[in-house]
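Have a look at protein-v6.cif below; it lists mmCIF, C-alpha atoms and all ligand atoms.
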```cif
data_structure
#
loop_
_atom_site.label_atom_id
_atom_site.label_comp_id
_atom_site.auth_asym_id
_atom_site.auth_seq_id
_atom_site.Cartn_x
_atom_site.Cartn_y
_atom_site.Cartn_z
CA MET A 149 -51.47 -46.02 29.48
CA ILE A 150 -54.01 -47.14 32.07
CA ALA A 151 -52.75 -49.44 34.83
CA VAL A 152 -55.33 -51.38 36.83
CA ASN A 153 -54.08 -52.89 40.05
CA ASP A 154 -56.14 -55.52 41.89
CA ILE A 155 -59.50 -53.76 41.76
CA HIS A 156 -62.51 -55.10 43.62
CA LYS A 157 -66.06 -53.77 43.30
CA SER A 158 -69.09 -54.99 45.21
CA PHE A 159 -72.74 -54.04 45.40
CA GLY A 160 -73.99 -55.14 48.81
CA GLU A 161 -73.35 -58.87 49.03
CA ALA A 162 -72.56 -59.15 45.32
CA HIS A 163 -68.78 -59.20 44.78
CA VAL A 164 -68.70 -58.29 41.08
CA LEU A 165 -65.02 -57.49 40.36
CA LYS A 166 -62.81 -59.81 42.37
CA GLY A 167 -59.29 -58.48 41.90
CA ILE A 168 -58.44 -57.45 38.34
CA THR A 169 -54.91 -56.41 37.40
CA THR A 170 -54.00 -55.40 33.85
CA THR A 171 -52.73 -52.59 31.65
CA PHE A 172 -54.23 -50.87 28.63
CA ASP A 173 -51.61 -49.51 26.25
CA GLN A 174 -51.56 -46.14 24.54
CA GLY A 175 -52.17 -46.13 20.79
CA LYS A 176 -53.83 -49.53 20.93
CA THR A 177 -57.37 -50.87 20.72
CA ASN A 178 -57.78 -52.81 23.98
CA LEU A 179 -60.83 -55.08 24.10
CA ILE A 180 -62.77 -56.40 27.09
CA ILE A 181 -64.75 -59.55 26.34
CA GLY A 182 -66.63 -62.09 28.43
CA GLN A 183 -70.07 -63.57 28.98
CA SER A 184 -73.04 -61.51 30.02
CA GLY A 185 -72.79 -60.72 33.71
CA SER A 186 -69.01 -61.25 33.88
CA GLY A 187 -68.51 -57.63 34.97
CA LYS A 188 -67.46 -55.84 31.77
CA THR A 189 -69.77 -52.84 32.21
CA VAL A 190 -68.90 -52.46 35.89
CA PHE A 191 -65.22 -52.61 34.91
CA ILE A 192 -65.54 -49.92 32.22
CA LYS A 193 -67.53 -47.74 34.65
CA CYS A 194 -64.64 -48.07 37.13
CA LEU A 195 -62.25 -46.99 34.35
CA LEU A 196 -64.47 -43.97 33.66
CA GLY A 197 -64.44 -42.99 37.33
CA LEU A 198 -68.20 -43.58 37.62
CA PHE A 199 -67.68 -46.38 40.18
CA THR A 200 -64.96 -46.35 42.81
CA PRO A 201 -63.44 -49.75 43.57
CA GLU A 202 -63.36 -50.59 47.31
CA ILE A 203 -59.91 -52.12 46.91
CA GLY A 204 -57.20 -51.52 44.32
CA THR A 205 -56.14 -48.60 42.16
CA ILE A 206 -56.49 -47.33 38.60
CA SER A 207 -53.82 -45.00 37.29
CA TYR A 208 -53.88 -42.95 34.10
CA ASP A 209 -50.37 -42.25 32.83
CA GLY A 210 -49.13 -42.46 36.40
CA LYS A 211 -51.97 -40.48 38.02
CA VAL A 212 -53.87 -42.59 40.55
CA TYR A 213 -57.51 -41.48 40.30
CA THR A 214 -58.35 -41.76 43.99
CA GLU A 215 -55.27 -39.75 44.97
CA LEU A 216 -56.34 -36.73 42.87
CA SER A 217 -58.26 -33.73 44.18
CA ALA A 218 -61.85 -33.24 43.00
CA ASP A 219 -60.63 -30.61 40.49
CA GLN A 220 -57.90 -32.90 39.18
CA GLN A 221 -60.42 -35.75 38.85
CA ARG A 222 -62.69 -33.44 36.83
CA GLU A 223 -59.76 -32.48 34.58
CA LEU A 224 -58.88 -36.13 34.08
CA ARG A 225 -62.48 -36.99 33.21
CA GLN A 226 -62.35 -34.29 30.51
CA GLU A 227 -59.51 -36.26 28.94
CA MET A 228 -61.87 -39.22 28.55
CA GLY A 229 -64.11 -39.69 25.52
CA MET A 230 -67.00 -42.14 25.60
CA VAL A 231 -68.95 -43.83 22.84
CA PHE A 232 -72.09 -45.22 24.46
CA GLN A 233 -74.01 -48.27 23.37
CA GLY A 234 -76.76 -47.02 21.02
CA SER A 235 -74.78 -43.79 20.37
CA ALA A 236 -76.78 -41.74 22.98
CA LEU A 237 -77.12 -38.66 20.77
CA PHE A 238 -79.40 -35.79 21.71
CA ASP A 239 -82.41 -36.18 19.40
CA SER A 240 -83.35 -32.51 19.53
CA MET A 241 -79.89 -31.32 18.45
CA SER A 242 -78.41 -31.38 14.96
CA VAL A 243 -75.32 -33.47 14.22
CA SER A 244 -73.22 -30.33 14.54
CA GLY A 245 -74.89 -29.41 17.86
CA ASN A 246 -74.28 -32.88 19.28
CA VAL A 247 -70.58 -32.74 18.45
CA MET A 248 -70.22 -29.18 19.71
CA PHE A 249 -71.91 -29.97 23.03
CA PRO A 250 -68.73 -30.98 25.01
CA LEU A 251 -66.90 -27.89 23.71
CA GLU A 252 -69.74 -25.65 24.86
CA MET A 253 -69.88 -27.40 28.24
CA PHE A 254 -66.20 -27.58 29.06
CA THR A 255 -64.29 -24.95 27.08
CA LYS A 256 -64.36 -21.19 26.62
CA GLN A 257 -63.66 -21.33 22.90
CA SER A 258 -65.30 -18.84 20.55
CA LYS A 259 -68.14 -20.02 18.35
CA SER A 260 -65.92 -20.01 15.26
CA GLU A 261 -63.15 -21.99 17.00
CA MET A 262 -65.72 -24.55 18.10
CA GLN A 263 -67.24 -24.72 14.62
CA ASP A 264 -63.78 -25.28 13.09
CA ARG A 265 -63.11 -28.15 15.46
CA VAL A 266 -66.57 -29.67 14.82
CA ASP A 267 -65.99 -29.42 11.05
CA PHE A 268 -62.59 -31.07 11.47
CA VAL A 269 -63.79 -34.06 13.51
CA LEU A 270 -66.87 -34.60 11.35
CA LYS A 271 -64.63 -34.66 8.30
CA ARG A 272 -62.28 -37.06 10.12
CA VAL A 273 -65.12 -39.55 10.63
CA ASN A 274 -66.13 -39.11 6.98
CA LEU A 275 -69.33 -37.16 7.61
CA VAL A 276 -69.27 -34.08 5.42
CA ASP A 277 -72.87 -33.38 4.51
CA ALA A 278 -74.62 -34.19 7.75
CA HIS A 279 -74.00 -31.09 9.91
CA HIS A 280 -77.58 -29.83 9.85
CA LYS A 281 -79.33 -33.19 9.96
CA PHE A 282 -80.92 -34.59 13.11
CA PRO A 283 -80.05 -38.04 14.52
CA SER A 284 -83.42 -39.46 13.38
CA GLU A 285 -82.58 -38.45 9.78
CA ILE A 286 -79.33 -40.45 9.52
CA SER A 287 -78.49 -44.18 9.55
CA GLY A 288 -77.26 -46.15 12.58
CA GLY A 289 -73.74 -46.25 11.13
CA MET A 290 -73.76 -42.48 10.64
CA GLN A 291 -75.04 -42.02 14.20
CA LYS A 292 -72.05 -44.03 15.43
CA ARG A 293 -69.74 -41.76 13.45
CA VAL A 294 -71.33 -38.74 15.10
CA ALA A 295 -70.87 -40.40 18.52
CA ILE A 296 -67.19 -41.03 17.70
CA ALA A 297 -66.77 -37.44 16.50
CA ARG A 298 -68.32 -36.18 19.75
CA ALA A 299 -66.07 -38.50 21.79
CA ILE A 300 -62.87 -37.18 20.16
CA VAL A 301 -63.80 -33.50 19.86
CA MET A 302 -62.02 -32.66 23.15
CA HIS A 303 -58.76 -34.42 22.09
CA PRO A 304 -59.16 -37.28 24.59
CA LYS A 305 -56.18 -39.24 25.88
CA TYR A 306 -58.52 -42.10 26.75
CA LEU A 307 -61.43 -43.41 24.69
CA PHE A 308 -64.01 -45.85 26.05
CA CYS A 309 -66.50 -47.58 23.77
CA ASP A 310 -69.37 -49.69 25.06
CA GLU A 311 -70.53 -52.16 22.41
CA PRO A 312 -69.77 -49.78 19.52
CA ASN A 313 -71.13 -52.25 16.95
CA SER A 314 -74.43 -53.12 18.55
CA GLY A 315 -77.29 -52.77 16.10
CA LEU A 316 -75.03 -52.39 13.05
CA ASP A 317 -74.88 -54.70 10.05
CA PRO A 318 -71.56 -56.64 9.75
CA LYS A 319 -70.16 -54.44 6.97
CA THR A 320 -70.88 -51.17 8.79
CA ALA A 321 -69.54 -52.71 12.01
CA ILE A 322 -66.20 -53.36 10.27
CA LEU A 323 -66.07 -49.74 9.03
CA ILE A 324 -66.71 -48.47 12.57
CA ASP A 325 -64.06 -50.82 14.02
CA ASN A 326 -61.55 -49.62 11.45
CA LEU A 327 -62.38 -45.99 12.18
CA ILE A 328 -61.89 -46.50 15.93
CA GLN A 329 -58.57 -48.27 15.30
CA GLU A 330 -57.34 -45.56 12.89
CA ILE A 331 -58.24 -42.77 15.31
CA THR A 332 -56.62 -44.62 18.22
CA GLU A 333 -53.35 -44.97 16.32
CA GLU A 334 -53.42 -41.55 14.67
CA TYR A 335 -53.97 -39.63 17.93
CA ASP A 336 -52.14 -42.12 20.18
CA ILE A 337 -55.19 -42.67 22.38
CA THR A 338 -55.57 -45.39 25.02
CA THR A 339 -58.78 -47.01 23.79
CA VAL A 340 -60.80 -49.59 25.72
CA ILE A 341 -63.72 -51.30 24.00
CA ASN A 342 -66.34 -53.49 25.63
CA THR A 343 -67.57 -55.86 22.93
CA HIS A 344 -69.40 -59.07 22.11
CA ASP A 345 -68.37 -58.86 18.47
CA MET A 346 -66.00 -61.69 17.57
CA ASN A 347 -65.09 -60.02 14.30
CA SER A 348 -63.78 -57.05 16.32
CA VAL A 349 -61.80 -59.46 18.49
CA MET A 350 -60.10 -60.94 15.43
CA GLU A 351 -59.60 -57.70 13.53
CA ILE A 352 -58.74 -54.99 16.06
CA GLY A 353 -57.97 -56.90 19.29
CA LYS A 354 -54.45 -55.58 19.80
CA LYS A 355 -54.93 -56.55 23.43
CA ILE A 356 -57.85 -58.62 24.71
CA ILE A 357 -58.90 -59.12 28.31
CA PHE A 358 -61.28 -62.02 28.89
CA LEU A 359 -63.34 -61.63 32.06
CA LYS A 360 -65.02 -64.54 33.79
CA ASP A 361 -67.04 -64.17 36.98
CA GLY A 362 -65.35 -60.88 37.85
CA LEU A 363 -61.82 -62.15 37.32
CA LYS A 364 -59.37 -61.81 34.44
CA GLU A 365 -59.35 -65.34 33.07
CA TRP A 366 -57.03 -64.64 30.13
CA GLU A 367 -55.32 -61.81 28.29
CA GLY A 368 -53.44 -61.70 25.02
CA THR A 369 -53.55 -60.50 21.43
CA ASN A 370 -55.85 -61.43 18.55
CA LYS A 371 -53.06 -63.64 17.21
CA GLU A 372 -52.69 -65.46 20.53
CA ILE A 373 -56.43 -66.01 20.98
CA PHE A 374 -56.34 -68.34 17.95
CA LYS A 375 -53.80 -70.55 19.65
CA THR A 376 -54.84 -70.49 23.29
CA ASP A 377 -55.75 -73.75 25.01
CA ASN A 378 -57.73 -71.93 27.70
CA GLU A 379 -61.04 -73.80 27.62
CA ALA A 380 -63.16 -70.92 28.91
CA VAL A 381 -61.80 -68.65 26.17
CA THR A 382 -62.16 -71.16 23.35
CA ASN A 383 -65.71 -72.10 24.45
CA PHE A 384 -66.66 -68.45 24.46
CA VAL A 385 -64.88 -67.20 21.35
CA TYR A 386 -65.45 -70.30 19.23
CA SER A 387 -69.01 -70.98 20.31
CA SER A 388 -70.17 -71.05 16.68
CA ASP A 389 -69.20 -73.85 14.29
CA LEU A 390 -67.98 -71.28 11.77
CA PHE A 391 -65.42 -69.84 14.17
CA LYS A 392 -64.36 -73.36 15.24
CA LYS A 393 -63.63 -74.17 11.57
CA VAL A 394 -61.76 -70.89 11.04
CA ARG A 395 -59.60 -71.61 14.09
CA GLN A 396 -58.87 -75.15 12.90
CA MET A 397 -57.85 -73.88 9.45
CA TYR A 398 -55.64 -71.21 11.01
CA ILE A 399 -53.87 -73.78 13.24
CA GLU A 400 -53.41 -76.24 10.35
CA GLU A 401 -52.04 -73.49 8.12
CA ARG A 402 -49.38 -72.69 10.68
CA ASN A 403 -48.33 -76.33 11.34
N1 LIG B 1 -75.39 -50.84 40.04
C1 LIG B 1 -75.40 -52.15 40.32
N2 LIG B 1 -75.94 -52.62 41.48
C2 LIG B 1 -75.95 -53.92 41.79
N3 LIG B 1 -75.46 -54.88 40.98
C3 LIG B 1 -74.93 -54.50 39.82
C4 LIG B 1 -74.87 -53.11 39.42
N4 LIG B 1 -74.28 -53.05 38.21
C5 LIG B 1 -73.99 -54.32 37.86
N5 LIG B 1 -74.37 -55.18 38.83
C6 LIG B 1 -74.19 -56.64 38.78
O1 LIG B 1 -72.86 -56.90 38.41
C7 LIG B 1 -72.80 -58.08 37.59
C8 LIG B 1 -71.99 -57.77 36.35
O2 LIG B 1 -72.75 -56.86 35.55
P1 LIG B 1 -72.19 -56.17 34.24
O3 LIG B 1 -73.28 -55.28 33.75
O4 LIG B 1 -70.88 -55.58 34.50
O5 LIG B 1 -72.04 -57.40 33.27
P2 LIG B 1 -71.59 -57.41 31.73
O6 LIG B 1 -70.45 -58.36 31.63
O7 LIG B 1 -71.38 -56.02 31.26
O8 LIG B 1 -72.87 -58.03 31.02
P3 LIG B 1 -73.49 -57.72 29.57
O9 LIG B 1 -72.53 -58.32 28.59
O10 LIG B 1 -74.78 -58.46 29.59
O11 LIG B 1 -73.64 -56.24 29.43
C9 LIG B 1 -74.23 -58.52 37.33
O12 LIG B 1 -74.55 -59.60 38.19
C10 LIG B 1 -75.04 -57.29 37.68
O13 LIG B 1 -76.31 -57.67 38.20
#
```
Structure rendered as structure tokens:
Amino acid sequence: MIAVNDIHKSFGEAHVLKGITTTFDQGKTNLIIGQSGSGKTVFIKCLLGLFTPEIGTISYDGKVYTELSADQQRELRQEMGMVFQGSALFDSMSVSGNVMFPLEMFTKQSKSEMQDRVDFVLKRVNLVDAHHKFPSEISGGMQKRVAIARAIVMHPKYLFCDEPNSGLDPKTAILIDNLIQEITEEYDITTVINTHDMNSVMEIGKKIIFLKDGLKEWEGTNKEIFKTDNEAVTNFVYSSDLFKKVRQMYIEERN
């Protein structure tokens, strides 16, 4: 579990995060949503330890990041997996090489141990015949699977995903969402996803944090977001007529 307590982050005069308090539960897909510029990326970078909040604390299963030694912080960061927007694979490395990279960097495992683990995670993300291919030779959806395999290869306790569905068609996006949710539950990972995808909100939003102007405007589940009267949330989530109709039908069905 990650506990965030009143964090503030500024850049010069710009006060970007203005006191956010929340928790992200283990074994759940936790989503951060909000308009462009609301502070989602800065928030996820604070969770990754890439930015240090000036005020407030972030603790990871009871360990407060800023109270750890440099070595302990490094160890904690090795427990974090990251799926970057656009996958961020190394173009010059094969699929297998990309997934093996963190093991080569951070462990002293033998080549055959590493290969076994790579084979296991690639199989887990349903990529069996792609080991020797290069990123440019596989589809965007397959690239995401490789990025997920690379993010979980070190058995992370925490998984962060920045816009995991960007650039994917709706059907592939659903498959990737489902994969992230399955992996989160199967390995009991605390997963935090920064997303603009309303389908993800509805389908895998076990906990949703809505940021507005650097503050937590609302939090709840995907069931509760259907019913909320919070105007900022409804204007954002139901900005399209289709979603407005879906919400209306859902409310009528339940009355
Ligand atoms: N390194 C930085 N230096 C100065 N200002 C920054 C920095 N990073 C982010 N900001 C500012 O913080 C604010 C929030 O940015 P952030 O990227 O977190 O928004 P976001 O919600 O992720 O937006 P989007 O959905 O478009 O990615 C913006 O006004 C941005 O200009």
List all protein, DNA and RNA residues that have an atom no more than 6 Å from any atom of ligand LIG 1 (chain B), counting only C-alpha atoms and all ligand atoms, and report them as a PDB file with C-alpha atoms, keeping the file's coordinate frame.
```pdb
ATOM      1  CA  PHE A 159     -72.740 -54.040  45.400  1.00  0.00           C
ATOM      2  CA  VAL A 164     -68.700 -58.290  41.080  1.00  0.00           C
ATOM      3  CA  GLN A 183     -70.070 -63.570  28.980  1.00  0.00           C
ATOM      4  CA  SER A 184     -73.040 -61.510  30.020  1.00  0.00           C
ATOM      5  CA  GLY A 185     -72.790 -60.720  33.710  1.00  0.00           C
ATOM      6  CA  SER A 186     -69.010 -61.250  33.880  1.00  0.00           C
ATOM      7  CA  GLY A 187     -68.510 -57.630  34.970  1.00  0.00           C
ATOM      8  CA  LYS A 188     -67.460 -55.840  31.770  1.00  0.00           C
ATOM      9  CA  THR A 189     -69.770 -52.840  32.210  1.00  0.00           C
ATOM     10  CA  VAL A 190     -68.900 -52.460  35.890  1.00  0.00           C
TER      11      VAL A 190
END
```
Please enclose the listed atoms of region 209-224 of chain A in an axis-aligned box, pad each side by 4 Å, and write out the centre and the three edge lengths in Å, rounded to one decimal, as lines of an AutoDock Vina configuration file.
```
center_x = -55.9
center_y = -36.6
center_z = 38.9
size_x = 21.6
size_y = 20.0
size_z = 20.1
```
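The spacing separating CA of Gln174 (chain A) from CA of Glu227 (chain A) amounts to 13.4 Å.
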Please provide the set of residues having any atom within 10 Å of Ile399 (chain A), restricted to all atoms listed in the file, with same-chain residues fewer than 4 positions apart removed, written as an MDAnalysis selection string.
-> chainID A and resid 374:375 393:395 403
Produce a file of the selected residues containing C-alpha atoms, as a PDB file, in the coordinates of the input.
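What follows is the written file out-v5.pdb:
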```
ATOM      1  CA  PHE A 374     -56.340 -68.340  17.950  1.00  0.00           C
ATOM      2  CA  LYS A 375     -53.800 -70.550  19.650  1.00  0.00           C
ATOM      3  CA  LYS A 393     -63.630 -74.170  11.570  1.00  0.00           C
ATOM      4  CA  VAL A 394     -61.760 -70.890  11.040  1.00  0.00           C
ATOM      5  CA  ARG A 395     -59.600 -71.610  14.090  1.00  0.00           C
ATOM      6  CA  ASN A 403     -48.330 -76.330  11.340  1.00  0.00           C
TER       7      ASN A 403
END
```
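One finds CA of Gly160 (chain A) at 24.5 Å from CA of Glu215 (chain A).
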Pick the closest to Ser235 (chain A) from A:Ser207, A:Thr200, A:Ser287, A:Thr369: which is it, counting only C-alpha atoms?
->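 Once distances to Ser235 (chain A) are computed over only C-alpha atoms, the minimum belongs to A:Ser287.
Straight-line separation from CA of Asp173 (chain A) to CA of Gly229 (chain A): 15.9 Å.
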Of the candidates A:Lys371, A:Lys211, A:Lys157, A:Lys305, which one gets nearest to Thr339 (chain A) if we count all atoms listed in the file?
-> A:Lys305
Show which residues sit within 8 Å of Asp209 (chain A), as a VMD selection string. Count only C-alpha atoms, and ignore same-chain residues fewer than 4 positions away.
-> chain A and resid 149 to 151
Using only C-alpha atoms, find the one residue out of A:Val273, A:Ile296, A:Leu198, A:Val385 that sits nearest to Ala236 (chain A).
->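 Checking each candidate against Ala236 (chain A), we get A:Ile296 as the closest.
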Select, from A:Phe268, A:Phe249, A:Phe191, A:Tyr306, the residue with the minimum atom-to-atom distance to Gln226 (chain A), counting all atoms listed in the file.
-> A:Tyr306
Measuring atom to atom with all atoms listed in the file, identify which of A:Asn153, A:Glu223, A:Gly167, A:Asp389 is nearest to Lys360 (chain A).
->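 Of A:Asn153, A:Glu223, A:Gly167, A:Asp389, the one nearest Lys360 (chain A), counting all atoms listed in the file, is A:Gly167.
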May I have the residues within 9 Å of Ser158 (chain A) as a list in words, using only C-alpha atoms and disregarding those fewer than 5 positions away in the same chain?
-> His163, Val164, Leu165, Lys166, Pro201 and Glu202 of chain A
Hey, what's within 10 Å of Glu367 (chain A) if we count only C-alpha atoms and toss same-chain stuff fewer than 6 positions away? As a list in words, please?
->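 My reading of the contact set: Thr170, Leu179, Ile180, Ile181, Lys355, Ile356, Ile357, Phe358, Leu359, Ile373 and Val381 of chain A.
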Could you add the missing atoms to region 387-399 of chain A, up to N, CA and C atoms, and return them as a PDB file, in the coordinates of the input?
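Saved file result_15.pdb follows:
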```
ATOM      1  N   SER A 387     -67.741 -70.322  19.994  1.00  0.00           N
ATOM      2  CA  SER A 387     -69.010 -70.980  20.310  1.00  0.00           C
ATOM      3  C   SER A 387     -69.752 -71.355  19.029  1.00  0.00           C
ATOM      4  N   SER A 388     -69.469 -70.679  17.925  1.00  0.00           N
ATOM      5  CA  SER A 388     -70.170 -71.050  16.680  1.00  0.00           C
ATOM      6  C   SER A 388     -69.278 -72.005  15.877  1.00  0.00           C
ATOM      7  N   ASP A 389     -69.939 -72.874  15.093  1.00  0.00           N
ATOM      8  CA  ASP A 389     -69.200 -73.850  14.290  1.00  0.00           C
ATOM      9  C   ASP A 389     -68.292 -73.149  13.286  1.00  0.00           C
ATOM     10  N   LEU A 390     -68.770 -72.013  12.764  1.00  0.00           N
ATOM     11  CA  LEU A 390     -67.980 -71.280  11.770  1.00  0.00           C
ATOM     12  C   LEU A 390     -66.634 -70.875  12.369  1.00  0.00           C
ATOM     13  N   PHE A 391     -66.673 -70.283  13.560  1.00  0.00           N
ATOM     14  CA  PHE A 391     -65.420 -69.840  14.170  1.00  0.00           C
ATOM     15  C   PHE A 391     -64.532 -71.039  14.538  1.00  0.00           C
ATOM     16  N   LYS A 392     -65.163 -72.158  14.936  1.00  0.00           N
ATOM     17  CA  LYS A 392     -64.360 -73.360  15.240  1.00  0.00           C
ATOM     18  C   LYS A 392     -63.586 -73.792  13.985  1.00  0.00           C
ATOM     19  N   LYS A 393     -64.281 -73.759  12.836  1.00  0.00           N
ATOM     20  CA  LYS A 393     -63.630 -74.170  11.570  1.00  0.00           C
ATOM     21  C   LYS A 393     -62.501 -73.199  11.216  1.00  0.00           C
ATOM     22  N   VAL A 394     -62.782 -71.894  11.379  1.00  0.00           N
ATOM     23  CA  VAL A 394     -61.760 -70.890  11.040  1.00  0.00           C
ATOM     24  C   VAL A 394     -60.523 -71.128  11.902  1.00  0.00           C
ATOM     25  N   ARG A 395     -60.731 -71.389  13.185  1.00  0.00           N
ATOM     26  CA  ARG A 395     -59.600 -71.610  14.090  1.00  0.00           C
ATOM     27  C   ARG A 395     -58.798 -72.844  13.658  1.00  0.00           C
ATOM     28  N   GLN A 396     -59.530 -73.920  13.321  1.00  0.00           N
ATOM     29  CA  GLN A 396     -58.870 -75.150  12.900  1.00  0.00           C
ATOM     30  C   GLN A 396     -58.021 -74.909  11.661  1.00  0.00           C
ATOM     31  N   MET A 397     -58.589 -74.172  10.683  1.00  0.00           N
ATOM     32  CA  MET A 397     -57.850 -73.880   9.450  1.00  0.00           C
ATOM     33  C   MET A 397     -56.599 -73.065   9.756  1.00  0.00           C
ATOM     34  N   TYR A 398     -56.759 -72.087  10.653  1.00  0.00           N
ATOM     35  CA  TYR A 398     -55.640 -71.210  11.010  1.00  0.00           C
ATOM     36  C   TYR A 398     -54.506 -72.049  11.624  1.00  0.00           C
ATOM     37  N   ILE A 399     -54.889 -72.966  12.554  1.00  0.00           N
ATOM     38  CA  ILE A 399     -53.870 -73.780  13.240  1.00  0.00           C
ATOM     39  C   ILE A 399     -53.178 -74.703  12.225  1.00  0.00           C
TER      40      ILE A 399
END
```
